[in-house]
>>> print(open('start.txt').read())   # compact mmCIF, C-alpha atoms
# COMPACT_ATOMS: atom_id res chain seq x y z
CA MET A 208 2.83 17.66 0.85
CA ASN A 209 2.72 14.98 3.49
CA ILE A 210 5.61 13.38 5.30
CA ASN A 211 5.42 9.61 5.31
CA LEU A 212 6.34 7.94 8.57
CA LYS A 213 6.20 4.38 9.76
CA ILE A 214 5.25 4.29 13.41
CA ALA A 215 5.20 1.43 15.86
CA VAL A 216 3.08 1.84 18.97
CA ALA A 217 4.22 -0.38 21.83
CA GLU A 218 1.66 -0.37 24.58
CA ALA A 219 0.01 -3.22 26.42
CA SER A 220 -3.43 -1.66 26.81
CA SER A 221 -5.51 -2.02 23.69
CA ILE A 222 -7.63 0.99 24.65
CA VAL A 223 -4.65 3.29 25.02
CA ARG A 224 -3.01 1.88 21.89
CA SER A 225 -6.09 2.47 19.78
CA GLY A 226 -6.42 5.95 21.28
CA VAL A 227 -2.88 6.81 20.24
CA GLU A 228 -3.54 5.51 16.74
CA VAL A 229 -6.74 7.47 16.30
CA GLN A 230 -4.99 10.60 17.54
CA MET A 231 -2.08 10.10 15.15
CA LYS A 232 -4.37 9.60 12.17
CA ARG A 233 -5.96 12.98 12.89
CA LEU A 234 -2.68 14.88 12.52
CA SER A 235 -2.47 16.79 9.27
CA GLY A 236 0.78 17.12 7.38
CA PHE A 237 1.78 13.55 8.10
CA ARG A 238 0.87 10.24 6.61
CA PHE A 239 1.39 7.39 9.00
CA GLN A 240 1.71 3.71 8.56
CA LEU A 241 0.94 2.39 12.01
CA MET A 242 1.69 -0.95 13.57
CA GLU A 243 0.97 -2.27 17.00
CA ILE A 244 3.23 -4.00 19.47
CA THR A 245 1.23 -5.57 22.26
CA GLY A 246 3.85 -7.00 24.57
CA SER A 247 7.36 -6.35 25.78
CA GLU A 248 8.64 -9.65 24.41
CA LEU A 249 7.45 -8.73 20.90
CA VAL A 250 9.31 -5.44 20.64
CA HIS A 251 12.58 -6.71 19.12
CA GLU A 252 10.97 -8.95 16.54
CA ALA A 253 8.55 -6.24 15.40
CA ILE A 254 11.23 -3.56 15.12
CA ARG A 255 13.56 -5.89 13.27
CA THR A 256 10.97 -6.85 10.64
CA HIS A 257 9.26 -3.51 10.16
CA LYS A 258 12.05 -1.01 10.79
CA PRO A 259 9.79 1.88 11.82
CA ASP A 260 10.89 5.52 11.75
CA ILE A 261 9.39 6.15 15.16
CA LEU A 262 8.74 3.93 18.13
CA ILE A 263 6.16 5.25 20.57
CA ILE A 264 6.58 3.10 23.62
CA ASN A 265 5.29 2.88 27.16
CA PRO A 266 8.52 3.00 29.23
CA SER A 267 7.26 0.13 31.40
CA MET A 268 7.60 -2.12 28.34
CA ILE A 269 11.34 -1.62 28.25
CA VAL A 270 12.36 -4.60 30.29
CA GLY A 271 15.81 -6.13 30.11
CA PHE A 272 17.11 -3.92 27.30
CA THR A 273 17.98 -0.28 26.65
CA LEU A 274 16.83 1.81 23.74
CA ARG A 275 20.35 2.02 22.43
CA GLN A 276 20.66 -1.77 22.43
CA LEU A 277 17.31 -2.04 20.72
CA ARG A 278 18.34 0.31 17.91
CA GLU A 279 21.62 -1.51 17.41
CA GLU A 280 20.29 -5.05 17.55
CA CYS A 281 17.44 -4.33 15.19
CA GLY A 282 19.47 -2.37 12.67
CA CYS A 283 17.52 0.86 13.13
CA PRO A 284 20.16 3.33 14.34
CA ALA A 285 18.07 6.34 13.23
CA MET A 286 14.81 5.23 14.79
CA LYS A 287 13.32 7.95 17.01
CA CYS A 288 11.93 6.81 20.34
CA ILE A 289 9.07 8.61 22.03
CA ALA A 290 7.95 7.78 25.55
CA LEU A 291 4.22 7.34 25.98
CA LEU A 292 3.45 8.64 29.44
CA TYR A 293 0.43 8.27 31.62
CA SER A 294 2.03 7.77 34.98
CA LEU A 295 4.99 9.17 36.83
CA THR A 296 8.22 7.92 35.38
CA ASP A 297 11.77 8.21 36.66
CA ARG A 298 13.54 11.12 35.00
CA SER A 299 16.68 9.06 34.40
CA VAL A 300 14.63 6.63 32.34
CA LEU A 301 13.19 9.41 30.22
CA ARG A 302 16.58 10.82 29.37
CA SER A 303 17.21 8.16 26.74
CA PHE A 304 14.11 9.12 24.74
CA ASP A 305 14.03 11.61 21.89
CA GLU A 306 10.66 12.98 22.95
CA GLN A 307 7.72 12.34 25.27
CA ILE A 308 4.02 12.22 24.56
CA ASN A 309 1.68 12.52 27.48
CA ILE A 310 -1.79 11.08 27.12
CA TYR A 311 -3.21 14.49 28.06
CA ASP A 312 -1.36 16.16 25.16
CA THR A 313 -3.58 17.91 22.66
CA ASN A 314 -3.50 17.26 18.95
CA ASP A 315 -1.48 20.42 18.37
CA GLU A 316 1.04 19.56 21.04
CA ILE A 317 1.68 16.14 19.54
CA LYS A 318 1.98 17.66 16.11
CA GLN A 319 4.53 20.21 17.32
CA LYS A 320 6.60 17.49 18.96
CA LEU A 321 6.70 15.44 15.78
CA GLU A 322 7.50 18.49 13.70
CA LYS A 323 10.40 19.25 16.02
CA LEU A 324 11.76 15.73 15.48
CA TYR A 325 11.43 16.00 11.72
CA ILE A 326 12.26 19.66 11.22
CA GLU A 327 14.83 18.94 8.50
CA GLU A 328 12.56 16.72 6.46
CA ILE A 329 9.78 19.28 6.74
CA GLN A 330 12.07 21.99 5.40
CA ASP A 331 13.05 19.71 2.54
CA VAL A 332 9.44 19.05 1.70
CA THR A 333 8.49 22.73 1.70
CA GLU A 334 11.47 23.54 -0.49
CA ASN A 335 10.40 20.81 -2.88
CA ASP A 336 6.92 22.22 -2.94
CA GLU A 337 8.28 25.55 -4.04
CA GLN A 338 10.39 24.02 -6.75
CA GLN A 339 7.85 21.82 -8.42
CA ILE A 340 8.19 23.71 -11.67
CA LEU A 341 10.70 22.15 -14.02
CA SER A 342 13.76 24.02 -15.22
CA THR A 343 14.30 24.54 -18.95
CA ARG A 344 16.91 21.78 -18.94
CA GLU A 345 14.56 19.39 -17.22
CA LYS A 346 11.82 20.15 -19.73
CA GLU A 347 14.25 19.32 -22.56
CA ILE A 348 14.96 16.02 -20.90
CA VAL A 349 11.27 15.24 -20.44
CA VAL A 350 10.77 15.80 -24.17
CA CYS A 351 13.63 13.44 -25.00
CA VAL A 352 12.32 10.74 -22.66
CA VAL A 353 8.86 11.04 -24.15
CA LYS A 354 10.34 10.69 -27.63
CA GLY A 355 11.62 7.33 -26.46
CA MET A 356 15.32 8.22 -26.33
CA THR A 357 17.70 6.29 -24.08
CA ASN A 358 19.73 8.03 -21.40
CA ARG A 359 22.78 7.59 -23.62
CA ALA A 360 21.10 9.25 -26.60
CA ILE A 361 19.80 12.08 -24.43
CA ALA A 362 23.30 12.66 -23.06
CA ASP A 363 24.74 12.84 -26.59
CA ARG A 364 22.04 15.17 -27.84
CA LEU A 365 22.32 17.64 -24.94
CA PHE A 366 26.08 17.32 -24.44
CA LEU A 367 25.76 15.95 -20.93
CA SER A 368 27.13 12.88 -19.19
CA THR A 369 24.70 9.98 -18.73
CA HIS A 370 25.24 10.42 -15.01
CA THR A 371 23.86 13.98 -15.22
CA VAL A 372 20.91 12.79 -17.27
CA ILE A 373 20.07 10.21 -14.62
CA THR A 374 20.28 12.87 -11.89
CA HIS A 375 17.96 15.13 -13.89
CA ARG A 376 15.50 12.29 -14.39
CA ARG A 377 15.50 11.55 -10.68
CA ASN A 378 14.77 15.21 -9.90
CA ILE A 379 11.98 15.27 -12.47
CA ALA A 380 10.37 12.20 -10.95
CA ARG A 381 10.59 13.74 -7.50
CA LYS A 382 9.19 17.10 -8.55
CA LEU A 383 6.30 15.77 -10.58
CA GLN A 384 5.66 12.55 -8.66
CA ILE A 385 5.63 10.81 -12.02
CA HIS A 386 7.96 7.87 -12.43
CA SER A 387 7.01 6.16 -15.68
CA ALA A 388 7.70 7.25 -19.24
CA SER A 389 4.02 6.97 -20.15
CA GLY A 390 3.14 9.22 -17.20
CA LEU A 391 5.68 11.78 -18.43
CA THR A 392 4.05 11.60 -21.84
CA VAL A 393 0.74 12.67 -20.34
CA TYR A 394 2.51 15.51 -18.55
CA ALA A 395 4.34 16.64 -21.70
CA ILE A 396 1.21 16.60 -23.86
CA VAL A 397 -0.92 18.40 -21.29
CA ASN A 398 1.72 21.10 -20.89
CA LYS A 399 2.28 21.29 -24.64
CA LEU A 400 5.98 20.45 -24.43
CA ILE A 401 5.60 18.12 -27.37
CA GLU A 402 3.12 17.14 -30.07
CA LEU A 403 1.51 13.74 -30.18
CA LYS A 404 3.08 12.80 -33.52
CA GLU A 405 6.58 13.29 -32.05
CA VAL A 406 5.94 10.84 -29.22
CA GLY A 407 8.00 7.67 -29.51
CA LYS A 408 6.60 4.18 -29.28
CA GLN A 409 6.95 2.89 -25.74
CA MET B 57 -15.91 4.30 9.37
CA TYR B 58 -16.21 0.54 9.84
CA LYS B 59 -16.71 -1.50 12.96
CA LYS B 60 -13.70 -3.40 14.08
CA GLY B 61 -13.21 -6.51 16.15
CA GLN B 62 -13.01 -10.14 15.20
CA TYR B 63 -16.03 -11.71 13.54
CA ARG B 64 -16.98 -15.29 14.41
CA GLU B 65 -18.89 -17.90 12.50
CA THR B 66 -21.91 -17.42 14.76
CA ASP B 67 -22.23 -13.76 13.70
CA LYS B 68 -24.79 -12.91 11.07
CA MET B 69 -23.52 -12.45 7.55
CA SER B 70 -25.77 -9.42 7.09
CA ASP B 71 -24.19 -7.74 10.13
CA LEU B 72 -20.72 -8.28 8.73
CA ILE B 73 -21.61 -6.83 5.35
CA CYS B 74 -23.58 -3.87 6.74
CA ASP B 75 -20.76 -2.96 9.13
CA ASN B 76 -18.08 -3.27 6.47
CA TYR B 77 -19.51 -2.97 3.00
CA PRO B 78 -16.26 -3.72 1.11
CA MET B 79 -16.63 -7.24 2.48
CA VAL B 80 -19.34 -7.84 -0.09
CA LEU B 81 -16.51 -8.15 -2.63
CA VAL B 82 -14.67 -10.63 -0.42
CA MET B 83 -17.81 -12.70 0.03
CA TYR B 84 -18.44 -12.83 -3.68
CA ARG B 85 -14.84 -13.82 -4.39
CA PHE B 86 -15.35 -16.77 -2.09
CA GLY B 87 -18.33 -17.68 -4.25
CA VAL B 88 -21.14 -16.49 -1.99
CA GLY B 89 -23.88 -14.35 -3.52
CA LEU B 90 -26.45 -12.03 -2.04
CA GLY B 91 -29.81 -12.97 -0.55
CA PHE B 92 -28.45 -14.63 2.56
CA GLY B 93 -31.34 -13.75 4.86
CA ASP B 94 -30.61 -13.93 8.57
CA LYS B 95 -28.19 -16.82 8.40
CA THR B 96 -24.89 -16.84 10.23
CA ILE B 97 -21.49 -16.67 8.54
CA GLY B 98 -20.90 -20.33 9.40
CA GLU B 99 -24.21 -21.49 7.94
CA ILE B 100 -23.72 -19.61 4.72
CA CYS B 101 -20.16 -20.82 4.27
CA ARG B 102 -21.16 -24.46 4.77
CA GLN B 103 -24.13 -24.04 2.45
CA ASN B 104 -21.83 -22.72 -0.28
CA GLU B 105 -19.00 -25.15 0.53
CA VAL B 106 -16.66 -22.35 1.56
CA ASP B 107 -14.00 -23.00 4.17
CA VAL B 108 -15.19 -20.99 7.19
CA CYS B 109 -11.79 -20.52 8.77
CA THR B 110 -10.24 -19.14 5.60
CA PHE B 111 -13.20 -16.83 5.02
CA LEU B 112 -12.97 -15.47 8.56
CA ALA B 113 -9.20 -15.15 8.36
CA VAL B 114 -9.41 -12.97 5.25
CA VAL B 115 -12.35 -10.93 6.53
CA ASN B 116 -10.85 -10.28 9.95
CA PHE B 117 -7.47 -9.50 8.46
CA LEU B 118 -9.00 -6.84 6.22
CA ILE B 119 -11.23 -5.37 8.91
CA GLU B 120 -8.42 -5.07 11.40
CA GLU B 121 -6.37 -3.28 8.74
CA ARG B 122 -3.41 -5.22 9.93
CA THR B 123 -0.21 -4.88 8.03
CA THR B 124 1.59 -7.61 9.88
CA PRO B 125 1.53 -11.36 9.27
CA MET B 126 -1.27 -13.39 10.83
CA LYS B 127 -1.11 -14.84 14.28
CA GLU B 128 0.02 -18.45 14.51
CA ASN B 129 -3.24 -19.96 15.72
CA THR B 130 -5.37 -18.62 12.89
CA GLU B 131 -3.03 -20.14 10.34
CA GLU B 132 -3.68 -23.60 11.73
CA CYS B 133 -7.03 -24.17 10.08
CA LEU B 134 -6.43 -22.21 6.86
CA SER B 135 -7.34 -24.01 3.67
CA VAL B 136 -4.74 -23.20 1.04
CA GLU B 137 -7.08 -24.39 -1.71
CA ALA B 138 -9.80 -22.00 -0.58
CA LEU B 139 -7.26 -19.20 -0.46
CA ILE B 140 -6.05 -19.89 -3.99
CA SER B 141 -9.58 -19.95 -5.30
CA TYR B 142 -10.26 -16.65 -3.54
CA LEU B 143 -7.14 -15.04 -5.03
CA HIS B 144 -7.97 -16.42 -8.46
CA ASN B 145 -11.49 -14.96 -8.32
CA ALA B 146 -10.05 -11.64 -7.22
CA HIS B 147 -7.72 -11.66 -10.25
CA ASP B 148 -10.68 -12.39 -12.49
CA TYR B 149 -12.58 -9.55 -10.94
CA PHE B 150 -9.80 -7.04 -11.56
CA LEU B 151 -8.94 -8.15 -15.08
CA LYS B 152 -12.32 -9.10 -16.47
CA PHE B 153 -14.52 -6.59 -14.70
CA ARG B 154 -12.88 -3.76 -12.78
CA PHE B 155 -10.32 -2.59 -15.33
CA PRO B 156 -12.47 -2.94 -18.48
CA HIS B 157 -15.28 -1.02 -16.77
CA LEU B 158 -12.95 1.62 -15.44
CA ARG B 159 -11.60 2.07 -18.94
CA ILE B 160 -15.05 2.60 -20.45
CA LYS B 161 -15.91 5.16 -17.81
CA LEU B 162 -12.54 6.89 -18.11
CA VAL B 163 -12.74 7.23 -21.89
CA GLU B 164 -16.22 8.65 -21.60
CA ALA B 165 -15.24 11.08 -18.84
CA ILE B 166 -12.23 12.57 -20.62
CA ASN B 167 -14.22 13.03 -23.79
CA ASP B 168 -14.23 16.82 -23.44
CA CYS B 169 -10.48 17.31 -23.22
CA PRO B 170 -8.20 17.73 -26.27
CA GLU B 171 -7.89 14.63 -28.39
CA ASP B 172 -4.15 14.17 -27.91
CA VAL B 173 -4.49 14.40 -24.11
CA ALA B 174 -7.31 11.86 -24.10
CA PHE B 175 -5.17 9.60 -26.25
CA VAL B 176 -2.13 9.61 -23.93
CA ILE B 177 -4.24 9.21 -20.80
CA THR B 178 -5.96 6.18 -22.32
CA ARG B 179 -2.63 4.78 -23.39
CA PHE B 180 -1.28 5.24 -19.89
CA PHE B 181 -4.26 3.33 -18.55
CA ASP B 182 -3.81 0.52 -21.07
CA GLU B 183 -0.15 0.14 -20.21
CA TYR B 184 -1.03 -0.01 -16.58
CA THR B 185 -3.69 -2.67 -17.16
CA GLU B 186 -1.10 -4.69 -19.03
CA GLU B 187 1.28 -4.46 -16.09
CA VAL B 188 -1.36 -5.66 -13.67
CA GLU B 189 -2.22 -8.47 -16.06
CA LYS B 190 1.40 -9.56 -16.21
CA HIS B 191 1.68 -9.42 -12.44
CA MET B 192 -1.40 -11.57 -11.95
CA ARG B 193 -0.62 -13.94 -14.81
CA TYR B 194 2.66 -14.78 -13.11
CA GLU B 195 0.78 -15.80 -10.00
CA GLU B 196 -1.75 -17.81 -12.02
CA LYS B 197 0.81 -19.55 -14.24
CA ILE B 198 3.74 -20.06 -11.88
CA VAL B 199 2.82 -19.62 -8.23
CA PHE B 200 -0.58 -21.31 -8.02
CA PRO B 201 0.41 -24.43 -10.01
CA TYR B 202 3.48 -24.74 -7.80
CA VAL B 203 1.35 -24.57 -4.65
CA ARG B 204 -1.21 -27.03 -6.03
CA GLY B 205 1.66 -29.43 -6.71
CA LEU B 206 2.90 -28.91 -3.19
CA LEU B 207 -0.55 -29.80 -1.83
CA LYS B 208 -0.42 -33.06 -3.75
CA GLY B 209 2.94 -33.76 -2.16
CA LYS B 210 4.95 -33.10 -5.29
CA GLU B 211 8.44 -31.81 -4.66
CA ASN B 212 9.78 -28.97 -6.74
CA THR B 213 13.41 -28.16 -6.28
CA ARG B 214 13.37 -25.37 -8.84
CA TYR B 215 10.81 -23.11 -7.24
CA ASN B 216 9.88 -21.98 -3.77
CA ILE B 217 7.65 -19.30 -2.33
CA SER B 218 10.57 -17.11 -1.28
CA ILE B 219 11.18 -16.37 -4.96
CA PHE B 220 7.63 -15.05 -5.13
CA ARG B 221 8.06 -13.11 -1.92
CA LYS B 222 11.12 -11.34 -3.29
CA ARG B 223 9.70 -10.39 -6.67
CA HIS B 224 6.19 -9.55 -5.50
CA ASP B 225 5.92 -5.82 -6.16
CA GLN B 226 3.32 -3.23 -5.35
CA ILE B 227 0.98 -3.06 -8.30
CA GLU B 228 -0.97 -0.09 -7.03
CA MET B 229 1.93 2.36 -7.47
CA LYS B 230 1.10 3.22 -11.05
CA ILE B 231 -2.59 3.73 -10.47
CA ILE B 232 -1.56 6.26 -7.83
CA GLU B 233 0.35 7.96 -10.62
CA LEU B 234 -2.77 8.06 -12.79
CA LYS B 235 -4.66 9.58 -9.90
CA ASN B 236 -1.97 12.24 -9.47
CA LEU B 237 -1.91 12.99 -13.19
CA LEU B 238 -5.64 13.61 -13.24
CA LEU B 239 -5.64 15.58 -10.01
CA LYS B 240 -2.72 17.83 -10.85
CA TYR B 241 -2.61 18.18 -14.60
CA TYR B 242 -6.02 17.46 -16.02
CA PRO B 243 -6.67 20.27 -18.52
CA GLY B 244 -10.44 19.92 -18.96
CA LYS B 245 -13.13 21.39 -16.77
CA GLY B 246 -13.93 18.20 -14.98
CA SER B 247 -17.35 16.67 -14.60
CA HIS B 248 -19.48 14.42 -12.44
CA SER B 249 -18.42 11.46 -14.51
CA LEU B 250 -14.73 12.29 -14.12
CA ASN B 251 -15.16 12.59 -10.36
CA ASN B 252 -16.88 9.26 -10.48
CA VAL B 253 -13.89 7.77 -12.27
CA LEU B 254 -11.60 9.30 -9.65
CA PHE B 255 -13.61 7.62 -6.89
CA ASP B 256 -13.32 4.35 -8.76
CA ILE B 257 -9.57 4.85 -9.04
CA PHE B 258 -9.30 5.52 -5.30
CA ALA B 259 -11.29 2.38 -4.57
CA THR B 260 -9.28 0.27 -7.03
CA GLU B 261 -6.04 1.52 -5.53
CA GLN B 262 -7.21 0.47 -2.07
CA ASP B 263 -8.53 -2.85 -3.33
CA LEU B 264 -5.26 -3.71 -5.08
CA PHE B 265 -3.33 -2.69 -2.00
CA THR B 266 -5.30 -4.99 0.31
CA HIS B 267 -5.20 -7.76 -2.29
CA ASN B 268 -1.41 -7.59 -2.13
CA LEU B 269 -1.51 -7.52 1.67
CA ILE B 270 -3.46 -10.77 1.69
CA GLU B 271 -0.94 -12.36 -0.64
CA ASP B 272 1.99 -11.17 1.47
CA ASN B 273 0.57 -11.75 4.93
CA ILE B 274 -1.80 -14.70 4.67
CA PHE B 275 -0.94 -16.58 1.50
CA THR B 276 2.87 -16.45 1.60
CA PRO B 277 3.20 -17.40 5.30
CA ALA B 278 0.79 -20.31 4.76
CA ILE B 279 2.87 -21.61 1.86
CA LEU B 280 6.10 -21.18 3.81
CA LYS B 281 4.61 -23.41 6.46
CA LEU B 282 3.46 -25.92 3.88
CA GLU B 283 6.97 -26.04 2.42
CA LYS B 284 8.45 -26.77 5.81
CA ARG B 285 6.07 -29.69 6.26
CA THR B 286 6.97 -31.38 2.99
>>> encode(input="start.txt", output="structure tokens")
Amino acid sequence: MNINLKIAVAEASSIVRSGVEVQMKRLSGFRFQLMEITGSELVHEAIRTHKPDILIINPSMIVGFTLRQLREECGCPAMKCIALLYSLTDRSVLRSFDEQINIYDTNDEIKQKLEKLYIEEIQDVTENDEQQILSTREKEIVVCVVKGMTNRAIADRLFLSTHTVITHRRNIARKLQIHSASGLTVYAIVNKLIELKEVGKQ
Amino acid sequence: MYKKGQYRETDKMSDLICDNYPMVLVMYRFGVGLGFGDKTIGEICRQNEVDVCTFLAVVNFLIEERTTPMKENTEECLSVEALISYLHNAHDYFLKFRFPHLRIKLVEAINDCPEDVAFVITRFFDEYTEEVEKHMRYEEKIVFPYVRGLLKGKENTRYNISIFRKRHDQIEMKIIELKNLLLKYYPGKGSHSLNNVLFDIFATEQDLFTHNLIEDNIFTPAILKLEKRT
């Protein structure tokens, strides 16, 4: 399963910027939505509107602000900042970054650096992958949903609170990647959880 | 896969289409057909009474795969009328051609799987089509008339484009679900025709996604500007 990340690349040179983008798109295990920032004066505006998960930025573009200020002012306190390096840079400047990418880094090196930043999410994803099979309870709930029952009715039938039903439904949607009732119907029929004549009108 | 870089009106139409074949759909939605010889983009647009600037704005936006609003200067010469007619033709294409054809091919391709499965998959598809129809009908019935009124200088205190911006949702989400259902849970053996349907679904998903991008990043900003002027 892929991890979705929104990445902003702030770099003045179009050649380097495109190079970074091509390199990122080649990394497996991630799905990136990339956006470009071409000038120092555009950084704030772009971050504010797009709220990326990661900012890959040439340190020379940080003029007149610090990364901490940037995160605060743009409402992205959790944004990770990676320095894009192709010249010598003062070590004190680099301290404020979460990670550094050198333009001589290989594909694998970049991948490892990103994985290190997102280690928790990656663990979550692998756990999810292992638990894609529905529990018996969840299957019961799928059947009820497919029959067209409301959360309230499902709760009554299975002696649960509606809150619990909603939590179950959220977990089902996450495990199966199916969010609509008609999608669940396809799932339930294919897996023989229910017969067609029992399916409710949707 | 495709060549990037801004196209200009002095470039040949055939070069544009050969470098980026999905642009053939864009061209047709602007009302330009095939058989354009060696003429330039500008010549063909004028010949077919298509606004060149709007055509180039859409084409370059799609080729650049930009997900951010257009630059200021390109918005200057945009023709809102041309844009509306483009969007309207795109709606027609999806509703009157793409979805009906996809449905025929889908029904045929899932012929070999159990009857009840085929039934629910088809129903899923029909529900999805209905959703897309509703989405596009809203734009046709509410948004476009409002903008046309705006162009004529009519004031409308009850509607503005920000309402559209807020409620404009991603219509490709559910077709992604259909794709996942087929990929992960399809019980039949599969076939060339089912793979063909899958390719169509991938392409439709992409097409709907970029259609929405144009609405969000070219159309909406242009209308915002128009509202400020009136």
>>> interface_residues(input="start.txt", of="chain A", to="chain B", cutoff="10 Å", atoms="all atoms listed in the file", output="ChimeraX atom specification")
/A:240-243,253,256-257,383-399,402-404,406,409
>>> atom_distance(input="start.txt", atom1="CA of Val88 in chain B", atom2="CA of Lys161 in chain B")
27.3 Å
>>> atom_distance(input="start.txt", atom1="CA of Asn76 in chain B", atom2="CA of Val227 in chain A")
22.9 Å
>>> residues_around(input="start.txt", residues="range 98-104 of chain B", least_positions_apart="2", cutoff="7 Å", atoms="only C-alpha atoms", output="VMD selection string")
chain B and resid 65 to 66 88 95 to 96 106 to 108
>>> closest_residue(input="start.txt", among="A:Thr357, A:Asn211, A:Gln307, A:Arg255", to="Arg238 in chain A", atoms="all atoms listed in the file")
A:Asn211
>>> residues_around(input="start.txt", residues="Phe275 in chain B", least_positions_apart="6", cutoff="9 Å", atoms="all atoms listed in the file", output="compact mmCIF listing (two decimals) with C-alpha atoms, in the frame of the given file")
# COMPACT_ATOMS: atom_id res chain seq x y z
CA VAL B 136 -4.74 -23.20 1.04
CA LEU B 139 -7.26 -19.20 -0.46
CA ILE B 140 -6.05 -19.89 -3.99
>>> axis_aligned_box(input="start.txt", around="range 311-322 of chain A", padding_each_side="6 Å", output="AutoDock Vina command-line options")
--center_x 2.0 --center_y 17.5 --center_z 20.9 --size_x 23.1 --size_y 17.9 --size_z 26.4
>>> atom_distance(input="start.txt", atom1="CA of Ser247 in chain A", atom2="CA of Lys320 in chain A")
24.8 Å
>>> residues_near_point(input="start.txt", point="(2.6, -7.4, 22.4)", cutoff="10 Å", atoms="all atoms listed in the file", output="PDB file with C-alpha atoms, in the frame of the given file")
ATOM      1  CA  VAL A 216       3.080   1.840  18.970  1.00  0.00           C
ATOM      2  CA  ALA A 217       4.220  -0.380  21.830  1.00  0.00           C
ATOM      3  CA  GLU A 218       1.660  -0.370  24.580  1.00  0.00           C
ATOM      4  CA  ALA A 219       0.010  -3.220  26.420  1.00  0.00           C
ATOM      5  CA  SER A 220      -3.430  -1.660  26.810  1.00  0.00           C
ATOM      6  CA  SER A 221      -5.510  -2.020  23.690  1.00  0.00           C
ATOM      7  CA  GLU A 243       0.970  -2.270  17.000  1.00  0.00           C
ATOM      8  CA  ILE A 244       3.230  -4.000  19.470  1.00  0.00           C
ATOM      9  CA  THR A 245       1.230  -5.570  22.260  1.00  0.00           C
ATOM     10  CA  GLY A 246       3.850  -7.000  24.570  1.00  0.00           C
ATOM     11  CA  SER A 247       7.360  -6.350  25.780  1.00  0.00           C
ATOM     12  CA  GLU A 248       8.640  -9.650  24.410  1.00  0.00           C
ATOM     13  CA  LEU A 249       7.450  -8.730  20.900  1.00  0.00           C
ATOM     14  CA  VAL A 250       9.310  -5.440  20.640  1.00  0.00           C
ATOM     15  CA  ALA A 253       8.550  -6.240  15.400  1.00  0.00           C
ATOM     16  CA  MET A 268       7.600  -2.120  28.340  1.00  0.00           C
TER      17      MET A 268
END
>>> decode(input="start.txt", residues="range 218-255 of chain B", atoms="C-alpha atoms", output="compact mmCIF listing (two decimals), in the first residue's frame")
# COMPACT_ATOMS: atom_id res chain seq x y z
CA SER B 218 -17.53 30.84 -3.90
CA ILE B 219 -20.63 28.73 -3.25
CA PHE B 220 -19.60 26.58 -6.19
CA ARG B 221 -16.02 26.46 -5.02
CA LYS B 222 -17.06 25.16 -1.63
CA ARG B 223 -19.45 22.46 -2.81
CA HIS B 224 -17.42 21.33 -5.81
CA ASP B 225 -16.44 17.77 -4.90
CA GLN B 226 -14.19 15.22 -6.50
CA ILE B 227 -16.33 13.13 -8.78
CA GLU B 228 -13.63 10.64 -9.62
CA MET B 229 -13.55 9.13 -6.11
CA LYS B 230 -16.25 6.58 -6.77
CA ILE B 231 -14.86 5.41 -10.08
CA ILE B 232 -11.65 4.70 -8.18
CA GLU B 233 -13.79 2.51 -5.94
CA LEU B 234 -15.13 0.62 -8.96
CA LYS B 235 -11.58 0.11 -10.14
CA ASN B 236 -10.59 -1.26 -6.72
CA LEU B 237 -13.62 -3.53 -6.58
CA LEU B 238 -12.75 -5.08 -9.92
CA LEU B 239 -9.05 -5.33 -9.14
CA LYS B 240 -9.40 -6.84 -5.69
CA TYR B 241 -12.63 -8.78 -5.64
CA TYR B 242 -13.59 -9.72 -9.16
CA PRO B 243 -14.55 -13.40 -8.98
CA GLY B 244 -14.42 -14.32 -12.68
CA LYS B 245 -11.38 -15.32 -14.66
CA GLY B 246 -10.93 -12.01 -16.37
CA SER B 247 -10.61 -11.46 -20.08
CA HIS B 248 -9.21 -9.15 -22.71
CA SER B 249 -12.47 -7.26 -22.76
CA LEU B 250 -12.45 -6.80 -18.98
CA ASN B 251 -8.88 -5.49 -19.13
CA ASN B 252 -10.04 -3.17 -21.83
CA VAL B 253 -12.79 -1.89 -19.55
CA LEU B 254 -10.23 -1.41 -16.79
CA PHE B 255 -8.09 0.71 -19.11
